[in-house]
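Asker: Here you go, upload.tsv (TSV, C-alpha atoms):
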```
chain	number	residue	atom	x	y	z
A	1	MET	CA	0.39	163.44	147.26
A	2	LYS	CA	3.58	164.09	149.15
A	3	ALA	CA	6.01	166.65	147.79
A	4	LEU	CA	9.50	167.51	148.93
A	5	ILE	CA	10.66	170.93	147.85
A	6	VAL	CA	14.40	171.36	148.06
A	7	GLY	CA	15.33	175.04	148.10
A	8	CYS	CA	12.77	177.39	149.50
A	9	GLY	CA	13.58	180.67	147.83
A	10	ARG	CA	11.18	182.80	145.82
A	11	VAL	CA	10.33	179.95	143.47
A	12	GLY	CA	10.36	177.11	145.97
A	13	SER	CA	8.25	178.90	148.59
A	14	ALA	CA	5.58	180.02	146.11
A	15	LEU	CA	5.42	176.51	144.69
A	16	ALA	CA	5.15	175.04	148.19
A	17	LYS	CA	2.20	177.28	148.98
A	18	ARG	CA	0.44	176.42	145.73
A	19	LEU	CA	0.83	172.68	146.15
A	20	GLN	CA	-0.30	172.97	149.74
A	21	LYS	CA	-3.42	174.81	148.56
A	22	ALA	CA	-4.05	171.96	146.15
A	23	GLU	CA	-4.13	169.79	149.29
A	24	TRP	CA	-0.76	168.17	148.83
A	25	GLU	CA	1.32	167.23	151.82
A	26	VAL	CA	4.32	169.52	151.41
A	27	VAL	CA	7.73	169.38	153.07
A	28	ALA	CA	10.03	172.31	152.38
A	29	LEU	CA	13.78	172.17	152.86
A	30	ASP	CA	16.27	175.01	152.84
A	31	GLU	CA	19.75	175.55	154.19
A	32	SER	CA	18.69	178.73	155.89
A	33	GLU	CA	16.21	179.00	158.75
A	34	GLU	CA	15.09	182.37	157.41
A	35	ALA	CA	13.53	180.73	154.38
A	36	LEU	CA	10.63	179.74	156.62
A	37	GLY	CA	9.66	183.42	156.59
A	38	ARG	CA	8.82	183.15	152.90
A	39	LEU	CA	6.27	180.46	153.62
A	40	GLY	CA	4.39	182.72	156.01
A	41	GLU	CA	3.57	182.41	159.68
A	42	ASP	CA	0.67	180.07	159.15
A	43	TRP	CA	2.60	177.52	157.08
A	44	PRO	CA	0.93	174.25	157.95
A	45	GLY	CA	3.44	171.93	156.32
A	46	GLU	CA	6.82	170.71	157.48
A	47	PHE	CA	9.96	172.77	157.15
A	48	HIS	CA	13.47	171.34	157.46
A	49	VAL	CA	16.80	173.11	157.67
A	50	GLY	CA	19.85	171.49	156.14
A	51	HIS	CA	22.02	171.10	153.08
A	52	ALA	CA	20.33	169.80	149.96
A	53	LEU	CA	22.95	167.12	149.31
A	54	ASP	CA	23.01	165.74	152.83
A	55	ILE	CA	21.50	162.25	152.68
A	56	ARG	CA	20.43	162.39	156.31
A	57	VAL	CA	18.65	165.69	155.81
A	58	LEU	CA	16.91	164.39	152.69
A	59	GLU	CA	15.84	161.22	154.46
A	60	ASP	CA	14.57	163.13	157.49
A	61	ALA	CA	12.53	165.23	155.11
A	62	GLY	CA	11.00	162.06	153.70
A	63	ILE	CA	12.64	161.69	150.30
A	64	ALA	CA	12.07	157.93	150.44
A	65	VAL	CA	8.30	158.30	150.64
A	66	ALA	CA	7.80	161.42	148.52
A	67	ASP	CA	5.65	161.22	145.40
A	68	ALA	CA	7.37	164.24	143.97
A	69	LEU	CA	10.61	166.11	144.51
A	70	ILE	CA	11.30	169.56	143.17
A	71	ALA	CA	14.87	170.81	143.23
A	72	SER	CA	14.64	174.57	143.32
A	73	THR	CA	17.73	175.83	145.12
A	74	ASP	CA	19.62	178.76	143.65
A	75	GLY	CA	22.40	176.44	142.46
A	76	ASP	CA	21.98	174.70	139.12
A	77	ASN	CA	24.51	172.05	139.97
A	78	THR	CA	22.96	171.34	143.35
A	79	ASN	CA	19.58	170.91	141.68
A	80	ILE	CA	20.99	168.59	139.04
A	81	VAL	CA	22.68	166.37	141.62
A	82	VAL	CA	19.66	166.32	143.96
A	83	ALA	CA	17.35	165.42	141.06
A	84	GLN	CA	19.59	162.54	140.02
A	85	VAL	CA	19.90	161.28	143.59
A	86	ALA	CA	16.10	161.41	143.96
A	87	LYS	CA	15.54	159.56	140.71
A	88	LEU	CA	18.32	156.97	140.86
A	89	ARG	CA	18.76	156.31	144.56
A	90	TYR	CA	15.27	156.85	145.95
A	91	GLU	CA	13.24	156.26	142.80
A	92	VAL	CA	10.98	159.21	143.55
A	93	PRO	CA	8.18	158.90	140.96
A	94	HIS	CA	8.17	162.53	139.85
A	95	VAL	CA	11.27	164.69	139.93
A	96	ALA	CA	11.80	168.18	138.55
A	97	ALA	CA	14.81	170.46	138.64
A	98	ARG	CA	15.21	174.14	138.04
A	99	ILE	CA	18.25	174.73	135.83
A	100	LEU	CA	18.93	178.35	134.94
A	101	ASP	CA	21.72	177.70	132.44
A	102	PRO	CA	20.04	176.73	129.14
A	103	ALA	CA	23.07	174.69	128.03
A	104	ARG	CA	23.06	172.50	131.11
A	105	ALA	CA	19.24	172.39	131.01
A	106	GLN	CA	19.42	170.93	127.53
A	107	PHE	CA	22.13	168.45	128.42
A	108	TYR	CA	20.25	167.11	131.43
A	109	SER	CA	16.83	166.84	129.83
A	110	GLY	CA	15.55	163.39	128.93
A	111	ARG	CA	17.05	161.69	131.96
A	112	GLY	CA	13.86	160.77	133.71
A	113	PHE	CA	13.25	164.08	135.45
A	114	ASP	CA	11.64	167.30	134.28
A	115	VAL	CA	13.98	170.16	133.58
A	116	VAL	CA	12.59	173.65	133.96
A	117	SER	CA	14.78	176.44	132.68
A	118	PRO	CA	13.50	179.91	133.59
A	119	THR	CA	16.28	181.48	131.53
A	120	GLY	CA	15.36	179.43	128.51
A	121	THR	CA	11.71	180.40	128.95
A	122	ALA	CA	12.65	184.07	129.26
A	123	ILE	CA	14.79	183.90	126.13
A	124	GLU	CA	11.94	182.40	124.15
A	125	ALA	CA	9.35	184.82	125.45
A	126	LEU	CA	11.56	187.82	124.83
A	127	THR	CA	12.48	186.61	121.35
A	128	ASP	CA	8.80	186.09	120.51
A	129	SER	CA	8.02	189.50	121.92
A	130	ALA	CA	10.75	191.20	119.87
A	131	LEU	CA	9.98	189.32	116.65
A	132	GLY	CA	6.28	189.98	117.21
A	133	SER	CA	6.92	193.70	116.94
A	134	GLU	CA	8.24	193.16	113.42
A	135	LYS	CA	4.86	191.99	112.16
A	136	ALA	CA	2.96	194.75	113.87
B	1	MET	CA	49.20	164.25	127.58
B	2	PHE	CA	46.65	167.02	127.63
B	3	LEU	CA	44.95	167.52	130.97
B	4	LEU	CA	42.21	169.87	131.99
B	5	VAL	CA	42.19	170.91	135.63
B	6	VAL	CA	39.09	172.65	136.99
B	7	GLY	CA	39.51	174.58	140.23
B	8	GLY	CA	42.51	176.79	140.91
B	9	GLY	CA	42.79	176.31	144.66
B	10	LYS	CA	45.82	174.81	146.34
B	11	VAL	CA	45.18	171.35	144.94
B	12	GLY	CA	44.51	172.50	141.37
B	13	VAL	CA	47.53	174.79	141.32
B	14	SER	CA	49.94	172.18	142.67
B	15	VAL	CA	48.65	169.58	140.26
B	16	THR	CA	49.02	172.00	137.35
B	17	ARG	CA	52.53	173.01	138.34
B	18	THR	CA	53.63	169.40	138.69
B	19	LEU	CA	52.10	168.33	135.40
B	20	LEU	CA	53.71	171.24	133.56
B	21	GLY	CA	57.03	170.26	135.13
B	22	LEU	CA	56.55	166.82	133.61
B	23	ASN	CA	56.05	168.49	130.21
B	24	HIS	CA	52.36	167.79	129.93
B	25	GLU	CA	49.96	170.23	128.38
B	26	VAL	CA	47.57	171.64	130.95
B	27	ALA	CA	44.63	174.05	131.00
B	28	LEU	CA	43.46	175.31	134.39
B	29	ILE	CA	39.99	176.81	134.91
B	30	GLU	CA	39.29	179.21	137.79
B	31	GLN	CA	36.10	181.14	138.35
B	32	GLU	CA	37.17	183.61	140.99
B	33	ARG	CA	38.52	186.78	139.35
B	34	ASN	CA	41.31	187.68	141.79
B	35	ARG	CA	42.54	184.17	142.05
B	36	PHE	CA	42.45	183.81	138.27
B	37	GLU	CA	44.63	186.90	137.84
B	38	ARG	CA	47.27	185.46	140.12
B	39	LEU	CA	47.11	182.16	138.22
B	40	GLU	CA	47.44	183.99	134.91
B	41	GLU	CA	50.70	185.54	136.08
B	42	GLU	CA	52.15	182.13	136.73
B	43	PHE	CA	50.51	179.99	134.04
B	44	GLU	CA	49.81	182.62	131.35
B	45	HIS	CA	47.47	181.41	128.59
B	46	ARG	CA	47.03	178.07	130.34
B	47	ALA	CA	44.82	179.75	132.93
B	48	VAL	CA	41.22	180.07	131.77
B	49	TYR	CA	38.73	182.33	133.51
B	50	GLY	CA	35.19	181.16	134.17
B	51	ASP	CA	32.80	178.71	135.77
B	52	GLY	CA	34.02	175.25	134.86
B	53	THR	CA	30.50	173.86	134.93
B	54	GLU	CA	29.54	176.13	132.01
B	55	LEU	CA	29.85	174.40	128.67
B	56	PHE	CA	31.35	177.39	126.86
B	57	VAL	CA	34.03	177.79	129.52
B	58	LEU	CA	34.96	174.12	129.27
B	59	GLU	CA	35.03	174.46	125.49
B	60	ARG	CA	37.26	177.52	125.64
B	61	ALA	CA	39.66	175.48	127.75
B	62	GLY	CA	39.79	172.80	125.05
B	63	ILE	CA	37.42	170.10	126.30
B	64	THR	CA	36.26	169.24	122.78
B	65	ARG	CA	39.69	167.90	121.79
B	66	PRO	CA	39.09	166.06	124.30
B	67	PRO	CA	41.70	166.04	127.10
B	68	ASP	CA	43.19	162.70	128.16
B	69	ILE	CA	42.11	163.40	131.73
B	70	VAL	CA	39.83	165.94	133.37
B	71	VAL	CA	40.62	166.70	136.99
B	72	ALA	CA	37.73	168.26	138.93
B	73	VAL	CA	39.12	169.74	142.12
B	74	THR	CA	36.89	172.69	142.97
B	75	GLY	CA	35.73	173.24	146.54
B	76	ASP	CA	32.16	172.29	145.62
B	77	ASP	CA	31.27	168.63	145.36
B	78	GLU	CA	28.21	169.27	143.21
B	79	ASP	CA	30.37	171.22	140.77
B	80	ASN	CA	32.92	168.43	140.64
B	81	ILE	CA	30.15	165.93	139.90
B	82	ILE	CA	28.72	168.04	137.09
B	83	ILE	CA	32.16	168.71	135.57
B	84	CYS	CA	32.86	164.97	135.45
B	85	GLN	CA	29.45	164.12	134.01
B	86	LEU	CA	29.77	166.74	131.30
B	87	ALA	CA	33.34	165.72	130.50
B	88	ARG	CA	32.52	162.06	130.17
B	89	GLU	CA	29.03	162.06	128.77
B	90	LYS	CA	29.02	165.15	126.59
B	91	TYR	CA	32.61	165.39	125.45
B	92	GLY	CA	33.74	161.78	125.56
B	93	VAL	CA	36.59	162.31	128.01
B	94	GLU	CA	37.73	158.85	129.01
B	95	LYS	CA	39.25	159.52	132.37
B	96	VAL	CA	38.03	161.84	135.09
B	97	ILE	CA	39.35	162.35	138.58
B	98	ALA	CA	37.20	164.11	141.14
B	99	ARG	CA	37.88	165.62	144.50
B	100	VAL	CA	35.40	164.91	147.28
B	101	ASN	CA	35.40	167.80	149.76
B	102	ASP	CA	32.86	166.42	152.19
B	103	PRO	CA	33.08	162.64	152.66
B	104	ARG	CA	29.32	162.59	153.22
B	105	ASN	CA	28.94	163.33	149.52
B	106	GLU	CA	30.90	160.27	148.48
B	107	PRO	CA	27.70	158.21	147.91
B	108	HIS	CA	26.60	160.72	145.27
B	109	PHE	CA	29.84	160.25	143.33
B	110	ASP	CA	29.37	156.48	143.57
B	111	LEU	CA	25.74	156.66	142.52
B	112	LEU	CA	26.67	158.61	139.42
B	113	ASN	CA	29.61	156.37	138.73
B	114	ILE	CA	32.23	159.09	139.08
B	115	SER	CA	35.51	157.48	139.90
B	116	PRO	CA	38.23	157.64	140.95
B	117	THR	CA	37.60	160.16	143.68
B	118	VAL	CA	40.09	161.68	146.06
B	119	SER	CA	39.11	162.84	149.50
B	120	ALA	CA	41.60	164.58	151.76
B	121	THR	CA	39.54	163.72	154.84
B	122	ASN	CA	39.44	160.05	153.99
B	123	MET	CA	43.15	160.03	153.23
B	124	VAL	CA	44.01	161.57	156.56
B	125	LEU	CA	41.74	159.06	158.27
B	126	ALA	CA	43.40	156.21	156.40
B	127	LEU	CA	46.80	157.45	157.54
B	128	ILE	CA	45.61	157.66	161.10
B	129	GLU	CA	44.29	154.12	160.78
B	130	HIS	CA	47.77	153.13	159.59
B	131	GLU	CA	49.41	154.72	162.63
B	132	VAL	CA	47.02	153.58	165.29
B	133	PRO	CA	47.90	150.02	166.26
B	134	GLN	CA	44.45	148.92	167.39
B	135	HIS	CA	43.30	148.96	163.82
B	136	GLU	CA	44.32	145.43	163.03
B	137	LEU	CA	43.33	145.72	159.44
B	138	VAL	CA	44.39	148.71	157.40
B	139	HIS	CA	42.66	149.68	154.18
B	140	LEU	CA	45.29	150.57	151.65
B	141	LEU	CA	43.47	150.89	148.38
B	142	GLU	CA	39.94	150.76	147.16
B	143	LEU	CA	39.28	149.63	143.59
B	144	ARG	CA	35.71	150.81	143.41
B	145	LYS	CA	35.01	149.85	139.85
B	146	GLU	CA	36.36	146.38	140.34
B	147	ASN	CA	34.61	146.09	143.71
B	148	LEU	CA	37.83	145.01	145.37
B	149	GLU	CA	40.06	146.41	148.04
B	150	ILE	CA	43.57	145.84	149.24
B	151	VAL	CA	44.19	145.64	152.96
B	152	GLU	CA	47.16	145.04	155.20
B	153	VAL	CA	47.07	142.76	158.21
B	154	GLU	CA	49.82	142.05	160.69
B	155	ILE	CA	50.10	138.47	161.86
B	156	LYS	CA	50.16	138.41	165.65
B	157	ARG	CA	51.98	136.06	167.92
B	158	GLY	CA	49.56	133.41	169.09
B	159	SER	CA	47.12	133.96	166.28
B	160	SER	CA	45.66	130.98	164.48
B	161	ALA	CA	47.46	131.88	161.26
B	162	GLU	CA	50.93	131.91	162.82
B	163	GLY	CA	53.04	129.03	161.54
B	164	LYS	CA	50.51	128.06	158.88
B	165	ARG	CA	51.15	127.89	155.18
B	166	VAL	CA	48.95	130.05	152.97
B	167	GLU	CA	47.40	126.94	151.39
B	168	GLU	CA	46.32	125.73	154.82
B	169	LEU	CA	44.34	128.86	155.57
B	170	ARG	CA	40.62	128.72	155.07
B	171	LEU	CA	40.37	132.11	153.43
B	172	PRO	CA	36.93	133.58	152.85
B	173	GLU	CA	35.49	133.57	149.34
B	174	SER	CA	36.77	136.20	146.92
B	175	THR	CA	39.87	136.76	149.03
B	176	ARG	CA	43.54	136.18	148.15
B	177	LEU	CA	46.76	136.96	149.89
B	178	ILE	CA	49.09	139.01	147.70
B	179	SER	CA	52.34	139.33	149.53
B	180	VAL	CA	54.09	138.89	152.82
B	181	MET	CA	56.48	141.50	154.16
B	182	ARG	CA	59.00	140.18	156.64
B	183	GLU	CA	61.94	142.13	158.06
B	184	GLY	CA	61.56	144.80	155.41
B	185	LYS	CA	61.45	142.38	152.49
B	186	ALA	CA	58.33	141.59	150.55
B	187	GLU	CA	57.60	138.31	148.85
B	188	ILE	CA	54.67	137.24	146.74
B	189	ALA	CA	52.43	134.97	148.78
B	190	VAL	CA	52.24	131.48	147.32
B	191	GLY	CA	50.62	128.34	148.69
B	192	SER	CA	53.77	127.24	150.47
B	193	THR	CA	54.51	130.62	152.09
B	194	GLU	CA	54.55	130.13	155.83
B	195	LEU	CA	53.19	132.93	157.96
B	196	ARG	CA	55.11	134.10	161.00
B	197	ALA	CA	54.33	136.50	163.78
B	198	GLY	CA	55.11	140.07	162.74
B	199	ASP	CA	54.53	139.40	159.04
B	200	GLN	CA	52.68	142.12	157.23
B	201	VAL	CA	50.33	140.52	154.81
B	202	LEU	CA	48.65	142.25	151.89
B	203	ALA	CA	45.34	140.80	150.86
B	204	ILE	CA	42.91	141.59	148.08
B	205	LEU	CA	39.24	141.01	148.81
B	206	GLU	CA	35.70	142.01	148.14
B	207	PRO	CA	34.65	144.84	150.45
B	208	GLY	CA	32.64	143.39	153.30
B	209	ARG	CA	34.85	140.33	153.76
B	210	GLU	CA	37.12	142.06	156.29
B	211	THR	CA	35.62	140.42	159.36
B	212	GLU	CA	35.93	136.94	157.87
B	213	LEU	CA	39.52	137.64	156.86
B	214	LYS	CA	40.34	138.97	160.31
B	215	LYS	CA	38.91	135.81	161.79
B	216	VAL	CA	41.18	133.63	159.68
B	217	LEU	CA	44.34	135.66	160.18
B	218	LEU	CA	43.99	137.20	163.61
B	219	ASP	CA	41.87	135.02	165.86
B	220	GLU	CA	43.80	133.60	168.76
B	221	ARG	CA	44.67	129.97	168.47
B	222	ALA	CA	42.16	127.84	170.28
B	223	ARG	CA	43.80	126.70	173.46
B	224	VAL	CA	43.77	122.99	173.94
```
Give the structure from this file in C-alpha cells form.

Answerer:
Amino acid sequence: MKALIVGCGRVGSALAKRLQKAEWEVVALDESEEALGRLGEDWPGEFHVGHALDIRVLEDAGIAVADALIASTDGDNTNIVVAQVAKLRYEVPHVAARILDPARAQFYSGRGFDVVSPTGTAIEALTDSALGSEKA
Amino acid sequence: MFLLVVGGGKVGVSVTRTLLGLNHEVALIEQERNRFERLEEEFEHRAVYGDGTELFVLERAGITRPPDIVVAVTGDDEDNIIICQLAREKYGVEKVIARVNDPRNEPHFDLLNISPTVSATNMVLALIEHEVPQHELVHLLELRKENLEIVEVEIKRGSSAEGKRVEELRLPESTRLISVMREGKAEIAVGSTELRAGDQVLAILEPGRETELKKVLLDERARV
C-alpha cells in the first residue's frame, strides 16, 4: 500500500512511522524542511517539501498513484481542501482528513473521505469521564 | 441587498465601503484583532470579529438569513474555498464570489465549482496581454459556468479575413462573432458585416478554439 501523508507534524509523523512499520510505502509531505526531523534520522521513506495545495508538489509526491492520502496539516481548511482534491481530482481510494473544529468536521463528513476530529474525540472522552464520576 | 464580506484586508474594506455607499447592507468579518478594531471604528456594528470559516462566526454575521451574496476575500485561498462551500451548501447562499490569491490554486476553485473567482494576478496579466501588441488575441471575459469566453481580435492588413463578410468566414464550431469596432464605433456583427483592416472584433467561443479562430481571422492571405 502506498500512503501520502500531507502535513508531517506530531500527528502526521507518528502516523507515517506506524504505517511504515506496517510495511506500507510512505511518502511524507510538509511545508517545512525541519519536519523531517520528526521522522527520525533513519526514515526510510520519501519526504517532500512543499505547500499542501500545490498540484505540482502533490503530483511529485505521487498523489496520482497513492492508495491512501491522509491530510494532517495544522490547518483545518487546508486539510479539507486537500482531501477533496484527492478524492475528486485524483480519485485516491482512501482519503482521511484531520479537522479540529467539530462543526466543520460534522459538515464535511459523509463526502467520501474519513473525517477525524481530535477535538470532538476529546470532548466526548472528557464528557464521559466527567459524567462517569457521577455514578461512582 | 444584504452582503457578507469575509476578510477585512484592502479588498474587503474597499468593497464594504463602496457597497455601503450604494446603500446596501453589509457585514464584514475580520479575524485579526488589531485590524478588526480599526474596522470597527469605521464600520461600527457591521464589523464582526472572528474566523470566517467558523460556523458560529458566520452565523453571528447573519449568514442564516441568508445574504444575497457572500464575498470571500481573505488572503488564504483554502479559507476562501471553505467559506464559499459553507455559504452555498450549508446556508443556501445563492451567489458567492471568491478571491484567488495564488493563481496556481485556481484549479481547486474550479474543481469544487466555486465561481466566479477574482484573481488580481490574472487580471494584471490580462491587462498586460491587452497592452502588448504581439498578443493577437486578447481574452476579455471567461464565463466558466457556461464554458464560453469572449475574446478580442484585431483584423490585420493582408489577413485572410480582410474584406470578407462575416457570413463568408469559415468560423470554427461553437464560435460566433459578436461585434465589430471600427473608428471608435461598435456595431453588432451580422452576416453582411464586412471586415476591414484595423477592425476590433469581439468573438464568443468555447475555450480551446482560439487557435482555429486565429487561423480564420488572422492568417495571411494565401499569395497567388

Asker: Neighbouring residues of segment 45-55 of chain B were defined as those with any atom within 9 Å, considering all atoms listed in the file; residues of the same chain fewer than 6 positions away were excluded. Please report them as a count of residues only.

Answerer: 27

Asker: Just give me the gap between atom CA of Arg17 of chain B and atom CA of Met1 of chain B in Å, one decimal is fine.

Answerer: 14.3 Å

Asker: Using all atoms listed in the file, which of the listed residues (A:Asp54, A:Glu33, A:Glu91, A:Glu41) sits closest to chain B?

Answerer: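 Closest to chain B, using all atoms listed in the file: A:Asp54.
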
Asker: Which one of B:Val216, B:Val5, B:Ile114, B:Val93 sits closest to Leu169 of chain B if you count all atoms listed in the file?

Answerer: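 So, comparing all the options, the nearest one is B:Val216.
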
Asker: Hey, what's within 10 Å of Gly40 of chain A if we count all atoms listed in the file and toss same-chain stuff fewer than 4 positions away? As a PyMOL selection string, please?

Answerer: chain A and resi 13+17+35-36+44

Asker: Using only C-alpha atoms for the distances, tell me which of A:Thr119, A:Gln20, A:Gln84, A:Ser109 is nearest to chain B.

Answerer: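 Nearest candidate to chain B out of A:Thr119, A:Gln20, A:Gln84, A:Ser109: A:Gln84.
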
Asker: Provide the atom CA of Gly75 of chain A to atom CA of Arg98 of chain A distance in Å, to one decimal place.

Answerer: 8.7 Å
